[in-house]
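Pasting entry_37.cif here (mmCIF, C-alpha atoms):
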data_coords
#
loop_
_atom_site.group_PDB
_atom_site.id
_atom_site.type_symbol
_atom_site.label_atom_id
_atom_site.label_comp_id
_atom_site.auth_asym_id
_atom_site.auth_seq_id
_atom_site.Cartn_x
_atom_site.Cartn_y
_atom_site.Cartn_z
ATOM 1 C CA MET C 27 -27.788 -53.920 24.971
ATOM 2 C CA PRO C 28 -26.110 -53.189 21.582
ATOM 3 C CA ASP C 29 -27.569 -50.430 19.456
ATOM 4 C CA LEU C 30 -28.381 -51.993 16.111
ATOM 5 C CA PHE C 31 -29.736 -49.023 14.175
ATOM 6 C CA SER C 32 -27.460 -46.262 15.269
ATOM 7 C CA ASP C 33 -26.367 -43.841 12.498
ATOM 8 C CA THR C 34 -23.506 -42.416 14.469
ATOM 9 C CA GLN C 35 -21.003 -45.157 13.672
ATOM 10 C CA PRO C 36 -17.366 -44.179 13.233
ATOM 11 C CA ALA C 37 -16.232 -43.984 9.649
ATOM 12 C CA THR C 38 -14.202 -46.943 8.412
ATOM 13 C CA PRO C 39 -10.803 -46.291 6.797
ATOM 14 C CA THR C 40 -12.314 -46.952 3.337
ATOM 15 C CA GLN C 41 -15.066 -44.391 3.882
ATOM 16 C CA GLN C 42 -12.514 -41.848 5.081
ATOM 17 C CA VAL C 43 -10.571 -42.289 1.847
ATOM 18 C CA GLN C 44 -13.745 -41.870 -0.210
ATOM 19 C CA ASN C 45 -14.639 -38.709 1.628
ATOM 20 C CA ALA C 46 -11.168 -37.324 1.247
ATOM 21 C CA ALA C 47 -10.978 -37.410 -2.560
ATOM 22 C CA PRO C 48 -13.584 -38.292 -5.207
ATOM 23 C CA VAL C 49 -12.587 -41.442 -7.055
ATOM 24 C CA ALA C 50 -13.199 -41.736 -10.789
ATOM 25 C CA PRO C 51 -15.858 -44.395 -11.529
ATOM 26 C CA GLN C 52 -14.369 -47.740 -12.474
ATOM 27 C CA ILE C 53 -15.638 -48.934 -15.879
ATOM 28 C CA ASN C 54 -16.351 -52.618 -15.762
ATOM 29 C CA LEU C 55 -15.605 -53.881 -19.278
ATOM 30 C CA GLN C 56 -17.894 -56.675 -20.432
ATOM 31 C CA ARG C 57 -16.865 -59.725 -22.423
ATOM 32 C CA LEU C 58 -18.372 -60.102 -25.896
ATOM 33 C CA GLY C 59 -19.656 -63.554 -26.868
ATOM 34 C CA LEU C 60 -20.848 -65.093 -30.132
ATOM 35 C CA PHE C 61 -24.502 -64.564 -29.243
ATOM 36 C CA THR C 62 -24.153 -61.229 -27.423
ATOM 37 C CA THR C 63 -26.818 -58.795 -28.522
ATOM 38 C CA PHE C 64 -26.510 -56.077 -25.890
ATOM 39 C CA CYS C 65 -23.262 -55.177 -24.183
ATOM 40 C CA LYS C 66 -22.471 -52.096 -22.169
ATOM 41 C CA ASN C 67 -18.784 -51.123 -22.162
ATOM 42 C CA PRO C 68 -17.655 -53.994 -24.429
ATOM 43 C CA ARG C 69 -14.092 -55.233 -24.221
ATOM 44 C CA GLY C 70 -11.754 -55.629 -27.188
ATOM 45 C CA ILE C 71 -13.925 -54.179 -29.947
ATOM 46 C CA SER C 72 -13.009 -51.360 -32.299
ATOM 47 C CA PHE C 73 -13.974 -50.195 -35.763
ATOM 48 C CA ALA C 74 -12.330 -48.574 -38.759
ATOM 49 C CA GLU C 75 -12.059 -44.775 -38.497
ATOM 50 C CA GLN C 76 -12.404 -44.845 -34.728
ATOM 51 C CA TYR C 77 -10.747 -41.852 -33.061
ATOM 52 C CA ASP C 78 -7.901 -42.478 -30.624
ATOM 53 C CA ASN C 79 -9.791 -41.076 -27.656
ATOM 54 C CA GLU C 80 -13.151 -42.547 -28.627
ATOM 55 C CA THR C 81 -14.642 -45.128 -26.269
ATOM 56 C CA ILE C 82 -17.341 -47.600 -27.258
ATOM 57 C CA ILE C 83 -20.104 -47.487 -24.677
ATOM 58 C CA LEU C 84 -22.749 -49.725 -26.169
ATOM 59 C CA PHE C 85 -22.607 -52.693 -28.520
ATOM 60 C CA LEU C 86 -25.868 -53.806 -30.135
ATOM 61 C CA ARG C 87 -27.116 -56.511 -32.433
ATOM 62 C CA ARG C 88 -30.627 -57.562 -33.428
ATOM 63 C CA ASP C 89 -32.296 -59.536 -30.673
ATOM 64 C CA PHE C 90 -31.564 -63.245 -30.993
ATOM 65 C CA ILE C 91 -35.266 -64.089 -31.105
ATOM 66 C CA THR C 92 -35.393 -62.441 -34.568
ATOM 67 C CA ASN C 93 -33.330 -65.408 -35.822
ATOM 68 C CA VAL C 94 -36.055 -67.921 -35.003
ATOM 69 C CA PRO C 95 -37.835 -67.704 -38.431
ATOM 70 C CA TRP C 96 -34.737 -68.670 -40.439
ATOM 71 C CA ILE C 97 -33.737 -71.358 -37.901
ATOM 72 C CA VAL C 98 -37.204 -72.928 -38.224
ATOM 73 C CA ALA C 99 -37.041 -72.573 -42.031
ATOM 74 C CA THR C 100 -33.641 -74.303 -42.101
ATOM 75 C CA ILE C 101 -34.931 -77.242 -40.064
ATOM 76 C CA ALA C 102 -38.007 -77.501 -42.291
ATOM 77 C CA LEU C 103 -35.864 -77.387 -45.461
ATOM 78 C CA GLY C 104 -33.728 -80.183 -44.025
ATOM 79 C CA TYR C 105 -36.767 -82.463 -43.909
ATOM 80 C CA ILE C 106 -38.117 -81.662 -47.386
ATOM 81 C CA PRO C 107 -36.175 -84.417 -49.276
ATOM 82 C CA TYR C 108 -37.516 -87.003 -46.795
ATOM 83 C CA LEU C 109 -41.016 -85.621 -47.264
ATOM 84 C CA ILE C 110 -40.764 -85.790 -51.070
ATOM 85 C CA ARG C 111 -39.387 -89.327 -50.886
ATOM 86 C CA PHE C 112 -42.197 -90.335 -48.529
ATOM 87 C CA ILE C 113 -44.859 -88.873 -50.848
ATOM 88 C CA PHE C 114 -43.357 -90.562 -53.923
ATOM 89 C CA THR C 115 -43.000 -93.971 -52.276
ATOM 90 C CA SER C 116 -46.426 -93.894 -50.654
ATOM 91 C CA THR C 117 -48.151 -92.977 -53.953
ATOM 92 C CA ASN C 118 -45.894 -95.212 -56.126
ATOM 93 C CA PHE C 119 -45.300 -92.212 -58.370
ATOM 94 C CA SER C 120 -42.105 -92.039 -60.423
ATOM 95 C CA LEU C 121 -41.444 -89.596 -63.247
ATOM 96 C CA PHE C 122 -37.913 -90.826 -63.922
ATOM 97 C CA THR C 123 -35.187 -92.437 -61.831
ATOM 98 C CA LEU C 124 -31.830 -90.888 -61.159
ATOM 99 C CA PRO C 125 -28.722 -93.063 -60.906
ATOM 100 C CA ASP C 126 -26.788 -92.924 -57.600
ATOM 101 C CA MET C 127 -23.963 -91.220 -59.465
ATOM 102 C CA LEU C 128 -26.282 -88.248 -60.024
ATOM 103 C CA SER C 129 -28.560 -88.376 -56.995
ATOM 104 C CA VAL C 130 -25.698 -88.224 -54.458
ATOM 105 C CA PRO C 131 -24.277 -84.905 -55.772
ATOM 106 C CA LEU C 132 -27.825 -83.563 -56.148
ATOM 107 C CA ILE C 133 -28.761 -84.307 -52.533
ATOM 108 C CA SER C 134 -25.361 -83.064 -51.291
ATOM 109 C CA PHE C 135 -25.805 -79.843 -53.238
ATOM 110 C CA TYR C 136 -29.275 -79.374 -51.798
ATOM 111 C CA TYR C 137 -27.999 -79.708 -48.235
ATOM 112 C CA ILE C 138 -25.093 -77.385 -48.993
ATOM 113 C CA ILE C 139 -27.601 -74.777 -50.162
ATOM 114 C CA VAL C 140 -29.629 -75.265 -46.956
ATOM 115 C CA LEU C 141 -26.443 -74.887 -44.907
ATOM 116 C CA GLY C 142 -25.543 -71.806 -46.936
ATOM 117 C CA PHE C 143 -28.962 -70.303 -46.289
ATOM 118 C CA ALA C 144 -28.472 -70.751 -42.538
ATOM 119 C CA PHE C 145 -24.899 -69.498 -42.628
ATOM 120 C CA SER C 146 -25.718 -66.401 -44.676
ATOM 121 C CA ASN C 147 -28.517 -65.536 -42.246
ATOM 122 C CA LEU C 148 -26.171 -66.014 -39.297
ATOM 123 C CA VAL C 149 -23.532 -63.809 -40.929
ATOM 124 C CA SER C 150 -26.159 -61.198 -41.748
ATOM 125 C CA TRP C 151 -27.226 -61.129 -38.088
ATOM 126 C CA TYR C 152 -23.663 -61.284 -36.740
ATOM 127 C CA TYR C 153 -22.410 -58.300 -38.744
ATOM 128 C CA ASN C 154 -25.465 -56.072 -38.347
ATOM 129 C CA ILE C 155 -23.939 -54.113 -35.524
ATOM 130 C CA GLY C 156 -24.886 -50.908 -33.772
ATOM 131 C CA LEU C 157 -22.312 -49.052 -31.717
ATOM 132 C CA VAL C 158 -22.729 -46.082 -29.439
ATOM 133 C CA THR C 159 -19.513 -44.328 -28.531
ATOM 134 C CA ASP C 160 -18.934 -41.262 -26.392
ATOM 135 C CA LYS C 161 -18.753 -39.230 -29.607
ATOM 136 C CA ARG C 162 -21.252 -40.768 -32.057
ATOM 137 C CA GLY C 163 -23.559 -43.566 -33.022
ATOM 138 C CA VAL C 164 -22.402 -46.062 -35.651
ATOM 139 C CA ASP C 165 -24.720 -48.409 -37.517
ATOM 140 C CA ILE C 166 -23.115 -51.159 -39.605
ATOM 141 C CA ASP C 167 -25.612 -52.931 -41.857
ATOM 142 C CA PHE C 168 -24.874 -55.987 -43.937
ATOM 143 C CA ASN C 169 -27.902 -56.352 -46.182
ATOM 144 C CA ASP C 170 -28.701 -59.036 -48.761
ATOM 145 C CA LEU C 171 -25.134 -60.351 -48.516
ATOM 146 C CA SER C 172 -24.045 -57.767 -51.036
ATOM 147 C CA THR C 173 -24.366 -54.350 -49.413
ATOM 148 C CA ILE C 174 -22.301 -53.053 -46.538
ATOM 149 C CA ASP C 175 -23.745 -49.822 -45.223
ATOM 150 C CA VAL C 176 -21.961 -47.888 -42.485
ATOM 151 C CA ALA C 177 -23.809 -44.861 -41.100
ATOM 152 C CA THR C 178 -22.631 -42.564 -38.347
ATOM 153 C CA ALA C 179 -24.207 -39.694 -36.461
ATOM 154 C CA SER C 180 -22.171 -37.555 -34.096
ATOM 155 C CA LEU C 181 -23.768 -36.821 -30.724
ATOM 156 C CA PRO C 182 -24.009 -32.997 -31.104
ATOM 157 C CA ASP C 183 -26.007 -33.560 -34.319
ATOM 158 C CA ILE C 184 -28.608 -35.728 -32.622
ATOM 159 C CA LYS C 185 -31.912 -33.960 -32.056
ATOM 160 C CA ASP C 186 -33.891 -36.562 -30.146
ATOM 161 C CA VAL C 187 -34.067 -40.255 -29.406
ATOM 162 C CA GLU C 188 -37.199 -42.363 -29.432
ATOM 163 C CA TYR C 189 -37.912 -46.044 -29.310
ATOM 164 C CA THR C 190 -40.813 -48.164 -30.503
ATOM 165 C CA GLN C 191 -41.928 -51.581 -29.400
ATOM 166 C CA ALA C 192 -44.700 -52.623 -31.712
ATOM 167 C CA GLY C 193 -46.521 -55.897 -31.498
ATOM 168 C CA PHE C 194 -46.856 -58.796 -29.133
ATOM 169 C CA PHE C 195 -43.455 -60.425 -29.661
ATOM 170 C CA GLN C 196 -41.485 -57.201 -29.273
ATOM 171 C CA SER C 197 -43.193 -56.545 -25.952
ATOM 172 C CA LEU C 198 -42.829 -60.151 -24.834
ATOM 173 C CA PHE C 199 -39.117 -60.446 -25.614
ATOM 174 C CA ASP C 200 -38.292 -56.797 -24.869
ATOM 175 C CA TYR C 201 -36.817 -55.663 -28.151
ATOM 176 C CA GLY C 202 -37.632 -52.844 -30.529
ATOM 177 C CA ASP C 203 -36.399 -50.051 -32.757
ATOM 178 C CA VAL C 204 -34.420 -47.116 -31.427
ATOM 179 C CA ASN C 205 -34.673 -44.119 -33.754
ATOM 180 C CA VAL C 206 -32.284 -41.212 -33.511
ATOM 181 C CA ARG C 207 -33.286 -38.023 -35.325
ATOM 182 C CA ILE C 208 -30.466 -35.909 -36.726
ATOM 183 C CA VAL C 209 -30.708 -32.102 -36.432
ATOM 184 C CA ALA C 210 -29.399 -30.882 -39.794
ATOM 185 C CA SER C 211 -30.955 -33.324 -42.218
ATOM 186 C CA GLY C 212 -33.909 -34.483 -40.166
ATOM 187 C CA GLU C 213 -33.025 -38.035 -41.194
ATOM 188 C CA VAL C 214 -33.657 -40.907 -38.855
ATOM 189 C CA PHE C 215 -30.780 -43.111 -37.822
ATOM 190 C CA SER C 216 -32.138 -46.410 -36.607
ATOM 191 C CA PHE C 217 -30.971 -49.327 -34.524
ATOM 192 C CA SER C 218 -33.593 -51.872 -35.469
ATOM 193 C CA LYS C 219 -34.884 -54.770 -33.353
ATOM 194 C CA VAL C 220 -32.305 -54.236 -30.616
ATOM 195 C CA PRO C 221 -32.837 -55.689 -27.154
ATOM 196 C CA ARG C 222 -33.760 -53.454 -24.214
ATOM 197 C CA PRO C 223 -34.626 -50.358 -26.303
ATOM 198 C CA THR C 224 -35.461 -48.402 -23.138
ATOM 199 C CA ASP C 225 -31.891 -48.796 -21.883
ATOM 200 C CA VAL C 226 -30.420 -47.966 -25.307
ATOM 201 C CA ALA C 227 -32.499 -44.798 -25.600
ATOM 202 C CA GLY C 228 -31.556 -43.929 -22.008
ATOM 203 C CA VAL C 229 -27.842 -44.301 -22.656
ATOM 204 C CA ILE C 230 -27.995 -42.177 -25.822
ATOM 205 C CA SER C 231 -30.083 -39.504 -24.065
ATOM 206 C CA GLN C 232 -27.602 -39.419 -21.210
ATOM 207 C CA LEU C 233 -24.699 -39.016 -23.637
ATOM 208 C CA ILE C 234 -26.506 -36.164 -25.416
ATOM 209 C CA GLY C 235 -27.130 -34.551 -22.016
ATOM 210 C CA ASP C 236 -23.468 -34.908 -21.090
ATOM 211 C CA GLN C 237 -22.477 -33.253 -24.374
ATOM 212 C CA LEU C 238 -24.793 -30.318 -23.751
ATOM 213 C CA SER C 239 -23.700 -29.738 -20.167
ATOM 214 C CA MET L 20 -39.889 -93.557 -86.098
ATOM 215 C CA ASN L 21 -36.122 -94.104 -86.233
ATOM 216 C CA LEU L 22 -35.209 -94.154 -89.931
ATOM 217 C CA ASN L 23 -31.406 -94.094 -89.556
ATOM 218 C CA PRO L 24 -30.222 -96.966 -87.319
ATOM 219 C CA ASN L 25 -26.894 -95.173 -86.585
ATOM 220 C CA ILE L 26 -28.655 -92.326 -84.766
ATOM 221 C CA ILE L 27 -29.508 -93.272 -81.194
ATOM 222 C CA ILE L 28 -32.488 -91.337 -79.964
ATOM 223 C CA PRO L 29 -32.309 -91.004 -76.175
ATOM 224 C CA THR L 30 -35.235 -92.138 -74.119
ATOM 225 C CA PHE L 31 -37.174 -89.706 -71.943
ATOM 226 C CA GLU L 32 -35.271 -90.937 -68.880
ATOM 227 C CA GLN L 33 -31.874 -90.452 -70.521
ATOM 228 C CA GLY L 34 -32.861 -86.991 -71.698
ATOM 229 C CA ALA L 35 -34.088 -86.005 -68.251
ATOM 230 C CA GLN L 36 -30.846 -87.213 -66.675
ATOM 231 C CA LEU L 37 -28.829 -85.186 -69.173
ATOM 232 C CA TYR L 38 -30.793 -82.036 -68.355
ATOM 233 C CA VAL L 39 -30.398 -82.673 -64.608
ATOM 234 C CA ARG L 40 -26.618 -83.022 -65.064
ATOM 235 C CA ILE L 41 -26.304 -79.785 -67.031
ATOM 236 C CA ALA L 42 -28.588 -77.873 -64.631
ATOM 237 C CA LEU L 43 -26.713 -79.227 -61.601
ATOM 238 C CA LEU L 44 -23.331 -78.166 -62.932
ATOM 239 C CA ILE L 45 -24.558 -74.683 -63.882
ATOM 240 C CA MET L 46 -26.195 -74.182 -60.465
ATOM 241 C CA MET L 47 -23.092 -75.416 -58.655
ATOM 242 C CA GLY L 48 -20.927 -73.036 -60.661
ATOM 243 C CA LEU L 49 -23.171 -70.103 -59.806
ATOM 244 C CA TYR L 50 -23.332 -71.151 -56.174
ATOM 245 C CA LEU L 51 -19.546 -71.340 -56.047
ATOM 246 C CA LEU L 52 -19.425 -67.698 -57.137
ATOM 247 C CA PHE L 53 -21.962 -66.769 -54.462
ATOM 248 C CA THR L 54 -19.941 -68.580 -51.782
ATOM 249 C CA PHE L 55 -16.764 -66.837 -52.890
ATOM 250 C CA MET L 56 -18.596 -63.510 -52.688
ATOM 251 C CA LEU L 57 -19.801 -64.345 -49.171
ATOM 252 C CA SER L 58 -16.319 -65.151 -47.903
ATOM 253 C CA THR L 59 -14.962 -61.953 -49.491
ATOM 254 C CA LYS L 60 -17.678 -59.918 -47.773
ATOM 255 C CA ILE L 61 -16.859 -61.492 -44.421
ATOM 256 C CA ARG L 62 -13.210 -60.587 -44.904
ATOM 257 C CA SER L 63 -14.120 -57.008 -45.768
ATOM 258 C CA LEU L 64 -16.502 -56.738 -42.791
ATOM 259 C CA ASN L 65 -13.700 -57.877 -40.513
ATOM 260 C CA LYS L 66 -11.744 -54.874 -41.746
ATOM 261 C CA THR L 67 -14.669 -52.562 -40.953
ATOM 262 C CA VAL L 68 -15.339 -53.761 -37.435
ATOM 263 C CA PHE L 69 -12.739 -55.531 -35.326
ATOM 264 C CA LEU L 70 -14.415 -57.989 -33.020
ATOM 265 C CA PRO L 71 -12.472 -59.859 -30.350
ATOM 266 C CA ALA L 72 -11.528 -63.480 -31.018
ATOM 267 C CA GLU L 73 -13.672 -64.644 -28.083
ATOM 268 C CA SER L 74 -16.785 -63.294 -29.821
ATOM 269 C CA GLY L 75 -16.637 -66.090 -32.391
ATOM 270 C CA GLU L 76 -15.323 -63.928 -35.228
ATOM 271 C CA MET L 77 -12.653 -66.528 -35.982
ATOM 272 C CA VAL L 78 -15.279 -69.304 -36.031
ATOM 273 C CA ILE L 79 -17.264 -67.429 -38.681
ATOM 274 C CA ARG L 80 -14.138 -66.829 -40.802
ATOM 275 C CA ILE L 81 -13.008 -70.457 -40.595
ATOM 276 C CA PHE L 82 -16.517 -71.707 -41.339
ATOM 277 C CA ALA L 83 -16.752 -69.413 -44.398
ATOM 278 C CA LEU L 84 -13.446 -70.759 -45.699
ATOM 279 C CA LEU L 85 -14.409 -74.393 -45.060
ATOM 280 C CA TYR L 86 -17.751 -73.824 -46.709
ATOM 281 C CA LEU L 87 -16.069 -72.400 -49.815
ATOM 282 C CA LEU L 88 -13.749 -75.423 -49.940
ATOM 283 C CA VAL L 89 -16.669 -77.863 -49.564
ATOM 284 C CA VAL L 90 -18.630 -76.205 -52.393
ATOM 285 C CA LEU L 91 -15.521 -76.164 -54.589
ATOM 286 C CA SER L 92 -14.849 -79.856 -53.853
ATOM 287 C CA LEU L 93 -18.424 -80.806 -54.639
ATOM 288 C CA PHE L 94 -18.306 -78.852 -57.906
ATOM 289 C CA ILE L 95 -15.086 -80.604 -58.965
ATOM 290 C CA ALA L 96 -16.385 -84.008 -57.838
ATOM 291 C CA THR L 97 -19.618 -83.502 -59.771
ATOM 292 C CA LEU L 98 -17.683 -82.381 -62.841
ATOM 293 C CA VAL L 99 -15.553 -85.519 -62.702
ATOM 294 C CA ILE L 100 -18.207 -88.082 -61.676
ATOM 295 C CA VAL L 101 -21.220 -86.833 -63.629
#
Structure rendered as structure tokens:
Amino acid sequence: MPDLFSDTQPATPTQQVQNAAPVAPQINLQRLGLFTTFCKNPRGISFAEQYDNETIILFLRRDFITNVPWIVATIALGYIPYLIRFIFTSTNFSLFTLPDMLSVPLISFYYIIVLGFAFSNLVSWYYNIGLVTDKRGVDIDFNDLSTIDVATASLPDIKDVEYTQAGFFQSLFDYGDVNVRIVASGEVFSFSKVPRPTDVAGVISQLIGDQLS
Amino acid sequence: MNLNPNIIIPTFEQGAQLYVRIALLIMMGLYLLFTFMLSTKIRSLNKTVFLPAESGEMVIRIFALLYLLVVLSLFIATLVIV
């Protein structure tokens, strides 16, 4: 009868090689997509002022669910001209009439503004990026379409890492704020509304631990 | 009461249309500036962080350029037509 649960099996050639010399862990680089919000070991990304030997470990964006309000608003704004037309025709109300020569550019301009609203929100989300490298944390903020704010905090300067998940939606969709406190200034460096804040805080804590040891 | 028959007093409707035309052209001009600013910001952000082509960075850049061209075309068309 064959012995199924024996632990005295002979080592395979692969195991012998592993025992002979420790192999460096293979880093599996992940592909970055248009809607990627959390990516460990991203492939093909770099930033200005990155050191030659600096490796990006974590790529973060706001969770995609945070885009729902502006997507809903865009759809609602798209229906407003129909709604106004419906109200005016159903009540037979007319303040003044616009010729087609004027109403066509007016309606086109309105929809261009709606498209611009959606596009500017998408761009704002797309370029609000958080990066964690093996040397520092980098937070790139693109606020109000006019301000570009790039903040960095090197790992030895980080005092502690904490994350907060406040409210029903943040708990439901697993996103929250990761706050990194800096030793010298006491300022808080924040990755806001990022997905899987537990993992993000864990990765940063591990990197701080590696720096200390 | 129109005392001078050579002076044509516009009706309320004509006046309203004139104001809509002027307001539309001013708003389009301002919006064109905003769109230009947006595309410039996108270009400058692409120099701050280099995202791979597969991440849709090129799509955003092309869309920003197309959007600027559409707004510019509409502004010119409105200027000519209206």
With the cut-off set at 7 Å and counting all atoms listed in the file, tabulate each residue of chain C with an atom at most that distance from an atom of chain L, showing the nearest atom pair and its distance in Å to one decimal, ordered by chain and increasing number, as CSV.
residue,atom,partner,partner_atom,distance
C:Leu58,CA,L:Ser74,CA,5.3
C:Gly59,CA,L:Ser74,CA,4.1
C:Leu60,CA,L:Ser74,CA,4.5
C:Gly70,CA,L:Pro71,CA,5.3
C:Ile71,CA,L:Leu70,CA,4.9
C:Ser72,CA,L:Phe69,CA,5.2
C:Phe73,CA,L:Val68,CA,4.2
C:Ala74,CA,L:Thr67,CA,5.1
C:Phe122,CA,L:Glu32,CA,5.6
C:Leu124,CA,L:Gln36,CA,6.7
C:Met127,CA,L:Val101,CA,6.6
C:Leu128,CA,L:Val101,CA,6.4
C:Pro131,CA,L:Thr97,CA,6.3
C:Leu171,CA,L:Leu57,CA,6.7
Practice item. Can you work out the spacing between atom CA of C:Ile234 and atom CA of C:Ile184 in Å, to one decimal? Key: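 Computing the Euclidean distance for atom CA of C:Ile234 and atom CA of C:Ile184 yields 7.5 Å.
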Residues matched by the PyMOL selection byres ((chain C and resi 82) around 8) as a short mmCIF file (atom, residue, chain, number, x, y, z; two decimals) with C-alpha atoms, in the frame of the given file:
data_model
loop_
_atom_site.label_atom_id
_atom_site.label_comp_id
_atom_site.auth_asym_id
_atom_site.auth_seq_id
_atom_site.Cartn_x
_atom_site.Cartn_y
_atom_site.Cartn_z
CA ASN C 67 -18.78 -51.12 -22.16
CA PRO C 68 -17.66 -53.99 -24.43
CA ILE C 71 -13.92 -54.18 -29.95
CA SER C 72 -13.01 -51.36 -32.30
CA GLU C 80 -13.15 -42.55 -28.63
CA THR C 81 -14.64 -45.13 -26.27
CA ILE C 83 -20.10 -47.49 -24.68
CA LEU C 84 -22.75 -49.72 -26.17
CA PHE C 85 -22.61 -52.69 -28.52
CA LEU C 157 -22.31 -49.05 -31.72
CA VAL C 158 -22.73 -46.08 -29.44
CA THR C 159 -19.51 -44.33 -28.53
CA ASP C 160 -18.93 -41.26 -26.39
#
Exercise for review: Given the file shown, enumerate the residues that the PyMOL selection byres ((chain C and resi 207-223) around 8) captures and present them as an MDAnalysis selection string.
Suggested key: chainID C and resid 63:64 86:89 92 156 165 177 179 183:187 189:190 200:206 224:227
Point to revise | Between atom CA of C:Phe143 and atom CA of C:Leu103, distance in Å (one decimal) | key: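 Separating atom CA of C:Phe143 from atom CA of C:Leu103 is a distance of 9.9 Å.
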Practice item. Give the answer as one residue: which of C:Val164, C:Ala102, C:Ile174, C:Ile97 has the shortest atom-to-atom distance to C:Phe145, using all atoms listed in the file? Key: C:Ile97
Point to revise | Gap from atom CA of C:Asn169 to atom CA of C:Asn154 - Å, one decimal | key: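 Straight-line distance from atom CA of C:Asn169 to atom CA of C:Asn154 works out to 8.2 Å.
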